[in-house]
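What's in data_3.pdb: PDB, C-alpha atoms
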ATOM      1  CA  MET A 892     -14.500  11.324   4.805
ATOM      2  CA  LEU A 893     -11.668  13.872   5.161
ATOM      3  CA  ASN A 894     -12.346  17.578   5.529
ATOM      4  CA  LYS A 895     -10.898  19.638   2.675
ATOM      5  CA  LYS A 896     -10.405  22.604   4.966
ATOM      6  CA  LEU A 897      -8.129  20.717   7.346
ATOM      7  CA  SER A 898      -4.574  19.522   6.889
ATOM      8  CA  TYR A 899      -3.522  16.014   7.809
ATOM      9  CA  LEU A 900      -0.302  14.196   8.643
ATOM     10  CA  GLN A 901      -0.127  10.627   7.393
ATOM     11  CA  ILE A 902       2.255   8.318   9.218
ATOM     12  CA  ALA A 903       3.379   5.337   7.156
ATOM     13  CA  LEU A 904       4.157   2.167   9.096
ATOM     14  CA  ASN A 905       6.555  -0.114   7.248
ATOM     15  CA  GLY A 906       8.421  -2.003   9.958
ATOM     16  CA  THR A 907       7.352  -4.899  12.139
ATOM     17  CA  LEU A 908       4.068  -5.263  13.969
ATOM     18  CA  SER A 909       5.699  -4.538  17.312
ATOM     19  CA  GLU A 910       7.340  -1.409  15.878
ATOM     20  CA  ALA A 911       3.941  -0.307  14.564
ATOM     21  CA  GLU A 912       2.465  -0.834  18.022
ATOM     22  CA  GLY A 913       5.260   1.238  19.554
ATOM     23  CA  ILE A 914       4.844   4.100  17.088
ATOM     24  CA  ILE A 915       1.054   4.219  17.497
ATOM     25  CA  GLY A 916       1.613   4.379  21.245
ATOM     26  CA  LEU A 917       3.753   7.496  20.780
ATOM     27  CA  LEU A 918       1.426   9.351  18.422
ATOM     28  CA  PRO A 919      -0.811  12.121  19.713
ATOM     29  CA  ALA A 920      -4.477  11.131  19.482
ATOM     30  CA  SER A 921      -5.969  13.349  16.799
ATOM     31  CA  ASP A 922      -8.348  13.097  13.830
ATOM     32  CA  ARG A 923      -5.699  14.950  11.852
ATOM     33  CA  ILE A 924      -3.286  12.040  12.081
ATOM     34  CA  LEU A 925      -3.850   9.341   9.469
ATOM     35  CA  VAL A 926      -2.159   5.997   9.967
ATOM     36  CA  GLU A 927      -0.947   4.115   6.918
ATOM     37  CA  ALA A 928      -0.331   0.390   6.661
ATOM     38  CA  GLY A 929       2.626   0.590   4.251
ATOM     39  CA  THR A 930       2.985  -1.733   1.268
ATOM     40  CA  SER A 931       5.857  -3.705   2.758
ATOM     41  CA  PHE A 932       3.929  -4.045   6.028
ATOM     42  CA  ILE A 933       0.873  -5.361   4.149
ATOM     43  CA  LYS A 934       3.002  -7.831   2.218
ATOM     44  CA  ALA A 935       4.477  -9.091   5.476
ATOM     45  CA  TYR A 936       1.299  -9.322   7.557
ATOM     46  CA  GLY A 937      -1.589  -9.262   5.077
ATOM     47  CA  ILE A 938      -4.970  -7.790   5.917
ATOM     48  CA  GLN A 939      -4.674  -9.187   9.424
ATOM     49  CA  GLY A 940      -1.881  -6.636   9.947
ATOM     50  CA  ILE A 941      -4.160  -3.818   8.779
ATOM     51  CA  SER A 942      -6.866  -4.990  11.210
ATOM     52  CA  ILE A 943      -4.408  -4.888  14.105
ATOM     53  CA  ILE A 944      -3.265  -1.356  13.203
ATOM     54  CA  ASP A 945      -6.916  -0.319  12.921
ATOM     55  CA  ARG A 946      -7.722  -1.723  16.365
ATOM     56  CA  LEU A 947      -4.656  -0.103  17.977
ATOM     57  CA  TRP A 948      -5.217   3.336  16.451
ATOM     58  CA  SER A 949      -8.978   3.303  17.031
ATOM     59  CA  TYR A 950      -8.394   2.306  20.671
ATOM     60  CA  LYS A 951      -5.960   5.185  21.089
ATOM     61  CA  LEU A 952      -8.383   7.668  19.504
ATOM     62  CA  GLY A 953     -11.395   6.335  21.368
ATOM     63  CA  LYS A 954     -13.270   6.109  18.064
ATOM     64  CA  LYS A 955     -12.759   4.728  14.573
ATOM     65  CA  GLY A 956      -9.402   5.945  13.249
ATOM     66  CA  TYR A 957      -8.561   6.687   9.639
ATOM     67  CA  ILE A 958      -6.393   3.897   8.245
ATOM     68  CA  VAL A 959      -4.838   4.013   4.779
ATOM     69  CA  ALA A 960      -4.044   0.670   3.137
ATOM     70  CA  ASP A 961      -1.143   1.422   0.808
ATOM     71  CA  LEU A 962      -1.972  -1.418  -1.555
ATOM     72  CA  LYS A 963      -0.296   0.215  -4.576
ATOM     73  CA  CYS A 964      -2.687  -1.730  -6.820
ATOM     74  CA  MET A 965      -1.358  -2.352 -10.289
ATOM     75  CA  ASP A 966      -3.745  -5.088 -11.402
ATOM     76  CA  ARG A 967      -6.877  -6.818 -10.055
ATOM     77  CA  GLY A 968      -7.398  -3.724  -7.936
ATOM     78  CA  PHE A 969     -10.960  -4.421  -6.957
ATOM     79  CA  THR A 970     -10.211  -7.702  -5.141
ATOM     80  CA  GLU A 971      -7.590  -5.977  -3.025
ATOM     81  CA  VAL A 972     -10.001  -3.132  -2.224
ATOM     82  CA  ILE A 973     -12.541  -5.629  -0.852
ATOM     83  CA  ALA A 974      -9.864  -7.166   1.399
ATOM     84  CA  ALA A 975      -8.740  -3.720   2.587
ATOM     85  CA  LYS A 976     -12.301  -2.686   3.404
ATOM     86  CA  GLU A 977     -12.861  -5.876   5.384
ATOM     87  CA  SER A 978      -9.722  -5.165   7.394
ATOM     88  CA  GLY A 979     -11.047  -1.765   8.495
ATOM     89  CA  ALA A 980      -9.183   0.553   6.098
ATOM     90  CA  GLN A 981     -10.898   3.807   5.181
ATOM     91  CA  ALA A 982      -8.693   4.513   2.181
ATOM     92  CA  ALA A 983      -6.712   2.443  -0.295
ATOM     93  CA  THR A 984      -4.118   3.305  -2.926
ATOM     94  CA  CYS A 985      -3.750   2.414  -6.589
ATOM     95  CA  LEU A 986      -0.778   3.346  -8.757
ATOM     96  CA  GLY A 987      -1.257   6.004 -11.430
ATOM     97  CA  LEU A 988       0.997   3.827 -13.582
ATOM     98  CA  ALA A 989      -1.619   1.042 -13.585
ATOM     99  CA  PRO A 990      -3.759   0.496 -16.706
ATOM    100  CA  ILE A 991      -6.556   3.072 -16.904
ATOM    101  CA  GLN A 992      -9.163   0.281 -16.757
ATOM    102  CA  THR A 993      -7.639  -0.932 -13.477
ATOM    103  CA  ILE A 994      -7.713   2.572 -11.991
ATOM    104  CA  ASP A 995     -11.333   3.040 -13.142
ATOM    105  CA  LEU A 996     -12.387  -0.257 -11.544
ATOM    106  CA  PHE A 997     -10.434   0.584  -8.388
ATOM    107  CA  ILE A 998     -12.176   3.963  -8.004
ATOM    108  CA  GLU A 999     -15.573   2.418  -8.745
ATOM    109  CA  LYS A1000     -15.053  -0.302  -6.123
ATOM    110  CA  CYS A1001     -13.852   2.199  -3.510
ATOM    111  CA  LYS A1002     -16.959   4.289  -4.119
ATOM    112  CA  GLU A1003     -19.224   1.250  -3.850
ATOM    113  CA  LEU A1004     -17.582   0.190  -0.565
ATOM    114  CA  ASN A1005     -17.511   3.749   0.764
ATOM    115  CA  ILE A1006     -13.765   4.086   1.229
ATOM    116  CA  ASP A1007     -11.541   6.860  -0.113
ATOM    117  CA  SER A1008      -9.663   6.182  -3.338
ATOM    118  CA  MET A1009      -6.077   7.437  -3.497
ATOM    119  CA  ILE A1010      -4.203   7.430  -6.797
ATOM    120  CA  ASP A1011      -0.456   7.452  -6.265
ATOM    121  CA  MET A1012       1.341   9.309  -9.046
ATOM    122  CA  MET A1013       4.821   8.045  -8.221
ATOM    123  CA  ASN A1014       6.956   8.019 -11.381
ATOM    124  CA  VAL A1015       4.140   9.618 -13.412
ATOM    125  CA  GLU A1016       5.526  12.636 -15.235
ATOM    126  CA  PHE A1017       2.171  14.275 -15.971
ATOM    127  CA  PRO A1018      -0.441  13.246 -13.364
ATOM    128  CA  PHE A1019      -2.944  15.578 -15.018
ATOM    129  CA  GLU A1020      -2.947  13.396 -18.134
ATOM    130  CA  ILE A1021      -3.887  10.328 -16.100
ATOM    131  CA  LEU A1022      -6.772  12.164 -14.412
ATOM    132  CA  GLU A1023      -8.080  13.311 -17.807
ATOM    133  CA  LYS A1024      -8.451   9.703 -18.946
ATOM    134  CA  LEU A1025     -10.443   8.467 -15.957
ATOM    135  CA  LYS A1026     -14.210   7.871 -15.965
ATOM    136  CA  GLN A1027     -14.492   9.412 -12.508
ATOM    137  CA  ILE A1028     -11.966  11.228 -10.397
ATOM    138  CA  PRO A1029     -10.506   9.735  -7.215
ATOM    139  CA  ASN A1030     -10.996  11.312  -3.797
ATOM    140  CA  ILE A1031      -7.279  11.921  -3.314
ATOM    141  CA  VAL A1032      -4.302  12.370  -5.647
ATOM    142  CA  VAL A1033      -0.934  11.446  -4.154
ATOM    143  CA  LEU A1034       2.053  13.306  -5.570
ATOM    144  CA  HIS A1035       4.975  11.180  -4.682
ATOM    145  CA  ARG A1036       8.737  11.335  -4.586
ATOM    146  CA  GLY A1037       9.798   7.729  -4.073
ATOM    147  CA  VAL A1038      12.161   6.556  -1.350
ATOM    148  CA  GLU A1039      14.990   5.704  -3.748
ATOM    149  CA  GLU A1040      14.345   8.902  -5.725
ATOM    150  CA  SER A1041      14.827  10.997  -2.623
ATOM    151  CA  GLU A1042      17.896   9.077  -1.446
ATOM    152  CA  MET A1043      19.718   8.610  -4.735
ATOM    153  CA  SER A1044      18.814  11.690  -6.766
ATOM    154  CA  ASN A1045      17.921  15.313  -6.242
ATOM    155  CA  LYS A1046      14.349  14.943  -7.420
ATOM    156  CA  GLU A1047      12.160  17.656  -5.939
ATOM    157  CA  ILE A1048       8.815  17.181  -4.205
ATOM    158  CA  PRO A1049       6.317  17.987  -6.989
ATOM    159  CA  TYR A1050       4.689  21.080  -5.458
ATOM    160  CA  LEU A1051       4.141  22.640  -8.892
ATOM    161  CA  GLN A1052       1.636  19.961  -9.820
ATOM    162  CA  ILE A1053      -0.687  20.816  -6.932
ATOM    163  CA  HIS A1054      -2.303  23.946  -8.352
ATOM    164  CA  LYS A1055      -2.476  22.545 -11.837
ATOM    165  CA  ILE A1056      -4.623  19.693 -10.536
ATOM    166  CA  LEU A1057      -6.684  21.787  -8.101
ATOM    167  CA  GLU A1058      -7.601  24.296 -10.832
ATOM    168  CA  THR A1059      -9.530  21.575 -12.640
ATOM    169  CA  TYR A1060     -10.392  18.804 -10.228
ATOM    170  CA  ASN A1061     -12.216  18.695  -6.913
ATOM    171  CA  VAL A1062      -9.804  16.368  -5.152
ATOM    172  CA  LEU A1063      -7.626  16.353  -2.073
ATOM    173  CA  ILE A1064      -3.886  16.417  -2.607
ATOM    174  CA  SER A1065      -1.468  14.295  -0.641
ATOM    175  CA  ILE A1066       2.281  14.887  -0.804
ATOM    176  CA  ALA A1067       4.593  11.976  -0.070
ATOM    177  CA  GLY A1068       8.342  12.005   0.035
ATOM    178  CA  GLY A1069       9.212  14.723   2.548
ATOM    179  CA  GLU A1070      10.544  13.819   5.964
ATOM    180  CA  THR A1071      11.345  16.939   7.942
ATOM    181  CA  PHE A1072       8.891  19.295   9.598
ATOM    182  CA  LYS A1073      10.029  21.959   7.130
ATOM    183  CA  GLU A1074       9.020  19.720   4.219
ATOM    184  CA  VAL A1075       5.711  18.823   5.849
ATOM    185  CA  ARG A1076       4.925  22.500   6.426
ATOM    186  CA  GLY A1077       6.070  23.265   2.869
ATOM    187  CA  ALA A1078       3.592  20.735   1.468
ATOM    188  CA  ILE A1079       0.665  22.181   3.435
ATOM    189  CA  PHE A1080       1.766  25.753   2.631
ATOM    190  CA  ASN A1081       1.634  24.779  -1.041
ATOM    191  CA  ASP A1082      -2.029  23.749  -0.588
ATOM    192  CA  ALA A1083      -1.621  20.013  -0.085
ATOM    193  CA  ASN A1084      -4.206  18.532   2.292
ATOM    194  CA  ILE A1085      -2.112  15.592   3.464
ATOM    195  CA  ALA A1086       1.626  15.277   4.099
ATOM    196  CA  VAL A1087       2.961  11.728   4.299
ATOM    197  CA  VAL A1088       6.037  10.801   6.319
ATOM    198  CA  TRP A1089       7.566   7.436   7.014
ATOM    199  CA  LYS A1090      11.324   7.483   7.353
ATOM    200  CA  ALA A1091      11.655   9.675  10.394
ATOM    201  CA  PHE A1092       9.184   7.527  12.304
ATOM    202  CA  SER A1093      10.818   4.247  11.497
ATOM    203  CA  GLU A1094      14.324   5.517  12.224
ATOM    204  CA  ASN A1095      13.681   7.387  15.441
ATOM    205  CA  PRO A1096      10.122   7.070  16.717
ATOM    206  CA  LEU A1097      10.711   8.927  19.987
ATOM    207  CA  GLN A1098      12.399  11.927  18.439
ATOM    208  CA  THR A1099       9.984  12.214  15.566
ATOM    209  CA  ALA A1100       6.721  11.721  17.434
ATOM    210  CA  LYS A1101       7.531  15.335  18.204
ATOM    211  CA  LEU A1102       7.043  16.074  14.514
ATOM    212  CA  ALA A1103       3.417  14.988  14.824
ATOM    213  CA  LYS A1104       2.902  17.134  17.908
ATOM    214  CA  THR A1105       4.555  20.118  16.247
ATOM    215  CA  PHE A1106       2.394  19.568  13.176
ATOM    216  CA  LEU A1107      -0.799  19.605  15.238
ATOM    217  CA  ARG A1108       0.323  22.722  17.087
ATOM    218  CA  GLU A1109       1.703  24.779  14.213
ATOM    219  CA  VAL A1110      -0.127  23.654  11.088
ATOM    220  CA  ARG A1111      -3.872  24.115  10.737
TER     221      ARG A1111
ATOM    222  CA  MET B1110      20.119 -18.767 -11.874
ATOM    223  CA  ILE B1111      17.906 -21.608 -10.699
ATOM    224  CA  LEU B1112      15.851 -21.932 -13.866
ATOM    225  CA  GLU B1113      17.402 -23.518 -16.928
ATOM    226  CA  ARG B1114      17.637 -21.438 -20.057
ATOM    227  CA  ARG B1115      16.810 -24.319 -22.376
ATOM    228  CA  LYS B1116      13.651 -25.401 -20.601
ATOM    229  CA  LYS B1117      10.123 -24.066 -21.018
ATOM    230  CA  TYR B1118       8.085 -23.364 -17.928
ATOM    231  CA  LEU B1119       4.449 -22.934 -17.039
ATOM    232  CA  GLN B1120       3.840 -20.534 -14.181
ATOM    233  CA  ILE B1121       0.568 -20.978 -12.292
ATOM    234  CA  ALA B1122      -0.507 -17.789 -10.509
ATOM    235  CA  LEU B1123      -2.476 -18.261  -7.296
ATOM    236  CA  ASN B1124      -4.383 -15.090  -6.525
ATOM    237  CA  SER B1125      -7.497 -15.803  -4.497
ATOM    238  CA  ASP B1126      -7.143 -17.543  -1.130
ATOM    239  CA  LEU B1127      -5.179 -20.365   0.459
ATOM    240  CA  ILE B1128      -8.079 -22.842   0.260
ATOM    241  CA  GLU B1129      -8.348 -22.406  -3.496
ATOM    242  CA  ALA B1130      -4.552 -22.426  -3.766
ATOM    243  CA  GLY B1131      -4.527 -25.807  -1.992
ATOM    244  CA  LYS B1132      -7.146 -27.241  -4.382
ATOM    245  CA  ILE B1133      -5.169 -26.099  -7.422
ATOM    246  CA  ILE B1134      -1.815 -27.377  -6.162
ATOM    247  CA  ARG B1135      -3.280 -30.778  -5.240
ATOM    248  CA  ASN B1136      -4.440 -31.184  -8.831
ATOM    249  CA  LEU B1137      -1.179 -30.222 -10.491
ATOM    250  CA  PRO B1138       1.028 -32.852 -12.100
ATOM    251  CA  PHE B1139       4.519 -33.093 -10.679
ATOM    252  CA  SER B1140       7.031 -31.414 -12.927
ATOM    253  CA  ASP B1141      10.020 -29.174 -12.440
ATOM    254  CA  GLN B1142       8.678 -27.199 -15.389
ATOM    255  CA  ILE B1143       5.747 -25.985 -13.343
ATOM    256  CA  ILE B1144       6.359 -22.882 -11.296
ATOM    257  CA  ILE B1145       3.898 -21.845  -8.616
ATOM    258  CA  GLU B1146       3.357 -18.138  -8.147
ATOM    259  CA  ALA B1147       2.084 -16.580  -4.945
ATOM    260  CA  GLY B1148       0.194 -13.727  -6.611
ATOM    261  CA  THR B1149       0.243 -10.165  -5.344
ATOM    262  CA  PRO B1150      -3.403 -10.104  -4.145
ATOM    263  CA  LEU B1151      -2.829 -13.355  -2.225
ATOM    264  CA  ILE B1152       0.307 -11.976  -0.557
ATOM    265  CA  LYS B1153      -1.473  -8.730   0.288
ATOM    266  CA  THR B1154      -4.378 -10.666   1.774
ATOM    267  CA  CYS B1155      -2.451 -13.304   3.733
ATOM    268  CA  GLY B1156       0.998 -11.761   4.068
ATOM    269  CA  VAL B1157       4.252 -13.646   3.515
ATOM    270  CA  ARG B1158       2.847 -16.666   5.337
ATOM    271  CA  ALA B1159       0.972 -17.306   2.046
ATOM    272  CA  ILE B1160       4.313 -18.133   0.428
ATOM    273  CA  SER B1161       5.401 -20.543   3.138
ATOM    274  CA  ARG B1162       1.935 -22.141   3.255
ATOM    275  CA  ILE B1163       1.962 -22.677  -0.520
ATOM    276  CA  LYS B1164       5.343 -24.316  -0.212
ATOM    277  CA  GLU B1165       4.048 -26.566   2.590
ATOM    278  CA  ILE B1166       1.025 -27.598   0.524
ATOM    279  CA  ALA B1167       3.238 -28.354  -2.467
ATOM    280  CA  LEU B1168       5.613 -30.408  -0.324
ATOM    281  CA  GLU B1169       2.647 -32.379   1.049
ATOM    282  CA  ARG B1170       1.409 -32.973  -2.476
ATOM    283  CA  PHE B1171       4.642 -34.325  -3.876
ATOM    284  CA  SER B1172       6.670 -36.938  -2.039
ATOM    285  CA  ASN B1173      10.271 -36.190  -1.178
ATOM    286  CA  GLU B1174      11.381 -38.776  -3.713
ATOM    287  CA  GLU B1175       9.735 -36.796  -6.461
ATOM    288  CA  ILE B1176      11.389 -33.636  -5.395
ATOM    289  CA  LYS B1177      14.769 -33.943  -7.006
ATOM    290  CA  ARG B1178      15.502 -30.265  -6.728
ATOM    291  CA  GLU B1179      14.076 -27.114  -5.372
ATOM    292  CA  TYR B1180      11.202 -26.472  -7.745
ATOM    293  CA  ILE B1181       9.027 -23.922  -6.100
ATOM    294  CA  LYS B1182       9.667 -20.356  -7.015
ATOM    295  CA  THR B1183       7.621 -17.506  -5.768
ATOM    296  CA  PHE B1184       7.311 -14.324  -7.696
ATOM    297  CA  PRO B1185       5.697 -11.455  -5.804
ATOM    298  CA  SER B1186       5.262  -9.122  -8.750
ATOM    299  CA  GLN B1187       5.788  -5.871  -6.845
TER     300      GLN B1187
END

Would it be possible to restate this file's structure as structure tokens?
Amino acid sequence: MLNKKLSYLQIALNGTLSEAEGIIGLLPASDRILVEAGTSFIKAYGIQGISIIDRLWSYKLGKKGYIVADLKCMDRGFTEVIAAKESGAQAATCLGLAPIQTIDLFIEKCKELNIDSMIDMMNVEFPFEILEKLKQIPNIVVLHRGVEESEMSNKEIPYLQIHKILETYNVLISIAGGETFKEVRGAIFNDANIAVVWKAFSENPLQTAKLAKTFLREVR
Amino acid sequence: MILERRKKYLQIALNSDLIEAGKIIRNLPFSDQIIIEAGTPLIKTCGVRAISRIKEIALERFSNEEIKREYIKTFPSQ
């Protein structure tokens, strides 16, 4: 569903429903902005919350928007994928740390339901080794520096993994864990297709809606 | 610590939907050794209201007299 030649900015919504509404209102309407229903948001509001985000973003775009359901599946992935699809999501996430059988079933179900499968490699030292074990590859690999990792340690955004994966697999790469425009541009410059941000938007939506506008203007 | 170290517990995971959760809870025997789990898929589907609804159903099922202590624990696994 996403174009490999374009770069995308994914905005993760993790606050309240009214905050999500406010942030969506501030975002520039563009196909290159992906809106994510974050895990904590989904746990708070369920699939109904995803449906509301989908309606708000699609209304703003004037057509169906791209919504990512950050399910972070670890088990029973396929049941959660069905729920995400019904809520209007066009992509769902599964953890790379999940059992291989779970990831395989997750990818299979996503394919069957025609939504993009994202495998989140947070806390996976060698993402390549996970991909090697899978029956079929996902649409998108998420290289992830976790929130606590970025706040409490000096862990770097895993740019080095990007080329290693792209040399072998026909996937899109998403980089999560950067927050500034410099980090977003760095991710795209290092051949990622998607840069994910969350913190800036939840802390200062007005100031950082500018990040989205700058992204659209300066990053192709 | 709410649970007692010397006791054994059975934890019933509810993972599908609230209707099925209701059917299961209504058939459970009353015991403080039974723990009801709001499973991750159920929470992701219904949100946190799944936890409060499960608690309501359990409270309806067992009379106040039976409830000698807080016995419902919820364990979102993520």

message: With all atoms listed in the file considered, list every residue of chain A at most 8 Å from chain B, as JSON, numbers by chain.
response: {"A": [933, 934, 935, 936, 937, 938, 939, 962, 967, 970, 971, 974]}

For stretch 1002-1011 of chain A, take all atoms listed in the file, fit an axis-aligned box around them, add 6 Å to each of the six sides, then output centre and edge lengths in Å rounded to one decimal, as lines of an AutoDock Vina configuration file.
center_x = -9.8
center_y = 3.8
center_z = -2.8
size_x = 30.8
size_y = 19.3
size_z = 20.0

- request: Could you list the residues chosen by the PyMOL selection byres ((chain A and resi 989) around 12) in this structure as a list in words?
  value: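 Residues picked by the PyMOL selection byres ((chain A and resi 989) around 12): Lys963, Cys964, Met965, Asp966, Arg967, Gly968, Thr984, Cys985, Leu986, Gly987, Leu988, Pro990, Ile991, Gln992, Thr993, Ile994, Asp995, Leu996, Phe997, Ile1010, Asp1011, Met1012, Met1013, Asn1014, Val1015, Ile1021 and Leu1025 of chain A.
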
task: Pick out the closest residue to A:Ser898 from this set: A:Glu1058, A:Asp1082, A:Glu1070, A:Glu999. Count all atoms listed in the file.
output: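 For A:Ser898, the nearest of the given residues is A:Asp1082.
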
message: Need to verify the contact set: B:Lys1132, 12 Å, only C-alpha atoms, exclusion of same-chain residues closer than 4 positions in sequence. Can you return it as a count of residues only?
response: 11

field: Length of the atom CA of A:Ile1028 to atom CA of A:Ser949 vector [Å]
entry: 28.7 Å

message: Around (-10.9, 16.5, 6.2), as given in the file, which residues come within 9 Å? Count all atoms listed in the file and list them as number ranges by chain.
response: A: 892-899, 922-923, 1063, 1084

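Take the candidates A:Asn1030, A:Thr930, A:Gln901, A:Asn1095 and check each one against A:Ile1064 using all atoms listed in the file; the shortest distance goes to A:Asn1030.
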
field: Between atom CA of A:Ala983 and atom CA of A:Ile1048 - distance in Å to one decimal
entry: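 It comes out at 21.8 Å.
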
message: For a test of reading the model, state the distance in Å between atom CA of A:Arg1111 and atom CA of A:Asp961, rounded to one decimal.
response: 24.9 Å

- prompt: Which residues fall under the PyMOL selection byres ((chain B and resi 1143) around 6) in this file, as a VMD selection string?
  reply: chain B and resid 1118 to 1120 1140 to 1142 1144

- prompt: Given the choices A:Ile944, A:Val1075, A:Val1032, A:Ala980, which gets closest to A:Ile998 if the distance is worked out from only C-alpha atoms?
  reply: A:Val1032

- request: Please provide as an MDAnalysis selection string all residues within 8 Å of A:Val1110, with the sequence filter that same-chain residues fewer than 5 positions apart are discarded (counting all atoms listed in the file).
  value: chainID A and resid 898 1076 1079 1105

Write the residues of the preceding selection, restricted to C-alpha atoms, as a CSV table (one decimal), keeping the file's coordinate frame.
chain,number,residue,atom,x,y,z
A,898,SER,CA,-4.6,19.5,6.9
A,1076,ARG,CA,4.9,22.5,6.4
A,1079,ILE,CA,0.7,22.2,3.4
A,1105,THR,CA,4.6,20.1,16.2
